[in-house]
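Below is one structure, written out as structure tokens, with a few remarks after it.
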Amino acid sequence: MAAAAGTAGQEKQLAPTLLSFFIYNPKLGPREGEEEKKILFYHPNEVEKNEKIRNVGLCEAIVQFTRTFSPTKPAKSLHTQKNRQFFHEPEENFWMVMVVRNPIIEKHKDGKPVYEYQEEELLDKVYSSVLQQCYSMYKLFNGTFLKAMEDGGVKVLKERLEKFFHRYLQTLHLQSCDLLDVFCGISFFPLDKMTYLKIQSFINRMEESLNIVKYTAFLYNDQLIWSGLEQDDMRILYKYLTTSLFPRHMEPELAGRDSPIRAEMPGNLQHYGRFLTGPLNLNDPETKCRFPKIFVNTDDTYEELHLIVYKAMSAAVCFMIDASIPPTLEFCRKLDSIVGPQLTVLASDICEQYNINKRISGAEKEPQFKFIYFNHMNLAEKSTIHMRKTPSVSLASVHPDLMKILGDINSDFSRVDEDEEIIVKAMSDYWVVGKKSDQRELYVILNQKNVNLIEVNEEVKKLCATQFNNIFFLD
């Protein structure tokens with residue numbers, strides 16, 4: 001959207017930002033004068049008490065009002081000129097609300113700034129998914145809201161919400177949220193059978209020698225290879241590992257290879273293993289063996305586990321043990337001495353095998369198209385559109401307008417159960433193709449001059465044949 005030549009230089013685009021985020025339960029302050037009791041968490045905290053009460057009351061009214069039209073599915077979002085509000089009821093009577101300011105175009109007229117709110121830019125499905133993930137991430141580390149109430153009533157719940165969301169909300173990069181947030185998928189590492197079997201046997205050996213381990217997950221290069229967890233639990237744990245824990249521990253690993261961390265190990269078994277969660281220095285008898293707790297299978301069995309994340313070179317393994325067993329320094333040393341050397345060897349095996357496979361398949365040229373693929377059955381996700389420029393933000397390498405078209409196509413797909421294909425002619429030389437087949441979705445962006453519909457279709461068929469030759473897309 002170019003402005004008139006004279007003012008083009010002064011036009012500024014302001015990204016969407018988080019205005020407020022709050023959690024309330026209408027049952028906690030049912031009487032007049034007790035409204036404040038409903039509010040369990042409110043960000044930003046500096047907001048005046050009456051304004052908090054007013055905003056929560058407004059959301060309650062909207063939810064009640066929409067219930068009259070659709071009792072089972074109350075409001076999901078509310079669109080206004082300046083912002084958009086998203087509602088989510090993860091547990092009965094517990095409501096989470098996120099208010100996002102619409103993107104703004106700032107222009108200068110007679111030397112004064114004029115703001116134009118872009119009301120249609122935000123995609124409901126993207127930000128509703130972000131709100132749902134806020135809850136899933138809270139639940140991974142704290143269990144349900146109800147559990148906190150059982151543990152110590154409203155006071156404990158408020159403390160846990162404050163402690164968790166105070167930090168978590170700072171990590172929401174609303175300006176770069178897109179279709180990947182809707183999928184919240186898992187990127188899998190491509191492996192040959194032999195290496196996969198090696199990993200499988202490594203996991204079996206570890207679970208046997210460290211007999212208190214209940215579940216294991218194995219990752220390489222931030223991609224998942226093996227997981228013993230339920231899919232929904234792994235999905236949110238994967239998001240935590242790849243967007244929060246691993247980026248915090250990025251270090252020049254190559255430098256470390258010439259100077260082994262453990263040169264003093266007996267038998268000259270040099271290894272590069274280290275704990276990403278837990279003890280920093282195993283040689284210090286005073287060191288604390290504290291591990292983060294996570295909650296899985298919260299729907300039925302409610303398991304509380306310690307999360308031990310151990311890494312060597314590019315391979316990371318997560319061991320989850322029953323939270324009722326406190327890990328001792330002795331256990332950590334044992335784990336380090338057993339897992340460290342084997343994981344180091346395994347990491348270099350995977351690296352070697354991966355490079356061989358890459359050479360055989362030929363260096364991939366930069367294709368003329370970019371794509372996102374997602375499989376609802378195993379949550380597998382693959383994107384050539386996103387470049388992880390910074391640890392926390394996954395940036396798309398295409399124009400935001402194109403990302404929005406992808407989101408719109410995805411919304412269309414979710415309204416129907418049948419397989420379908422949508423082809424859109426976008427900006428000047430771009431075509432966007434969405435294919436939905438069985439439980440799989442594929443989105444392709446082609447940048448080609450002067451092509452017609454038939455040629456676009458042929459190109460997409462070629463892509464499916466080269467990238468997804470073992471996946472059957474119905475035509």
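Order determines the names: the first chain of the structure tokens is A, the second B, and so forth; residues in each chain are numbered 1 upward, and ligands are numbered 1 upward as they are shown.
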Check your understanding: Taking the backbone alone, and naming residues the way the document does, which bits of segment 148-338 of chain A are alpha helix (DSSP H) by DSSP, as a ChimeraX atom specification?
Key -> /A:148-168,179-183,193-209,231-240,246-248,253-258,329-338
Would you pick out the contacts of Lys436 of chain A at 8 Å or less, using only C-alpha atoms, so that residues sharing its chain but fewer than 4 positions from it are not included, and give the list as a PDB file with N, CA, C and O atoms, in the first residue's frame?
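Generated file (result.pdb):
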ATOM      1  N   PHE A 413     -10.527 -24.412   4.657  1.00  0.00           N
ATOM      2  CA  PHE A 413     -10.374 -25.872   4.781  1.00  0.00           C
ATOM      3  C   PHE A 413     -11.046 -26.398   6.046  1.00  0.00           C
ATOM      4  O   PHE A 413     -11.617 -27.480   6.061  1.00  0.00           O
ATOM      5  N   ASP A 419     -11.986 -33.386   0.877  1.00  0.00           N
ATOM      6  CA  ASP A 419     -10.712 -32.945   0.313  1.00  0.00           C
ATOM      7  C   ASP A 419     -10.997 -31.813  -0.653  1.00  0.00           C
ATOM      8  O   ASP A 419     -12.007 -31.830  -1.342  1.00  0.00           O
ATOM      9  N   GLU A 420     -10.096 -30.860  -0.707  1.00  0.00           N
ATOM     10  CA  GLU A 420     -10.317 -29.808  -1.696  1.00  0.00           C
ATOM     11  C   GLU A 420      -9.014 -29.109  -2.040  1.00  0.00           C
ATOM     12  O   GLU A 420      -7.982 -29.289  -1.390  1.00  0.00           O
ATOM     13  N   GLU A 421      -9.090 -28.315  -3.100  1.00  0.00           N
ATOM     14  CA  GLU A 421      -7.923 -27.574  -3.558  1.00  0.00           C
ATOM     15  C   GLU A 421      -8.364 -26.150  -3.866  1.00  0.00           C
ATOM     16  O   GLU A 421      -9.424 -25.928  -4.430  1.00  0.00           O
ATOM     17  N   ARG A 440      -4.095 -34.298   5.604  1.00  0.00           N
ATOM     18  CA  ARG A 440      -2.896 -33.516   5.298  1.00  0.00           C
ATOM     19  C   ARG A 440      -3.240 -32.218   4.583  1.00  0.00           C
ATOM     20  O   ARG A 440      -4.179 -32.161   3.816  1.00  0.00           O
ATOM     21  N   GLU A 441      -2.415 -31.200   4.852  1.00  0.00           N
ATOM     22  CA  GLU A 441      -2.617 -29.923   4.172  1.00  0.00           C
ATOM     23  C   GLU A 441      -1.289 -29.462   3.595  1.00  0.00           C
ATOM     24  O   GLU A 441      -0.248 -29.584   4.243  1.00  0.00           O
ATOM     25  N   LEU A 442      -1.352 -28.949   2.383  1.00  0.00           N
ATOM     26  CA  LEU A 442      -0.142 -28.444   1.733  1.00  0.00           C
ATOM     27  C   LEU A 442      -0.455 -27.065   1.163  1.00  0.00           C
ATOM     28  O   LEU A 442      -1.482 -26.871   0.514  1.00  0.00           O
TER      29      LEU A 442
END
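Non-sequential neighbours of segment 445-450 of chain A (distance at most 6 Å, separation of 3 or more positions within a chain, only C-alpha atoms) are A:Phe369, A:Lys370, A:Asp429, A:Tyr430, A:Trp431, A:Val432.
The space separating atom CA of Glu60 of chain A from atom CA of Val154 of chain A comes to 19.3 Å.
The shortest atom-to-atom distance to Ser337 of chain A, with only C-alpha atoms taken into account, belongs to A:Ser209 out of A:Gln170, A:Gln85, A:Ser209, A:Asn25.
Residue neighbourhood of Lys158 of chain A, excluding near-sequence residues (fewer than 5 positions): Ile23, Ile39, Leu40, Phe41, Tyr42, Phe145, Ala148, Met149, Gly153, Lys163 and Phe164 of chain A, at 10 Å, using only C-alpha atoms.
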For the residues selected in the previous step, produce a file with C-alpha atoms as a short mmCIF file (atom, residue, chain, number, x, y, z; two decimals), in the first residue's frame.
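Once written, out.cif looks like this:
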data_model
loop_
_atom_site.label_atom_id
_atom_site.label_comp_id
_atom_site.auth_asym_id
_atom_site.auth_seq_id
_atom_site.Cartn_x
_atom_site.Cartn_y
_atom_site.Cartn_z
CA ILE A 23 -8.01 -14.61 33.47
CA ILE A 39 -10.05 -11.55 38.58
CA LEU A 40 -7.30 -14.15 38.95
CA PHE A 41 -4.64 -12.53 36.79
CA TYR A 42 -4.45 -9.22 34.93
CA PHE A 145 -6.34 -24.30 37.20
CA ALA A 148 -4.17 -25.16 41.99
CA MET A 149 -7.57 -24.51 43.57
CA GLY A 153 -7.57 -22.22 46.78
CA LYS A 163 4.66 -16.40 38.36
CA PHE A 164 4.07 -18.13 35.04
#
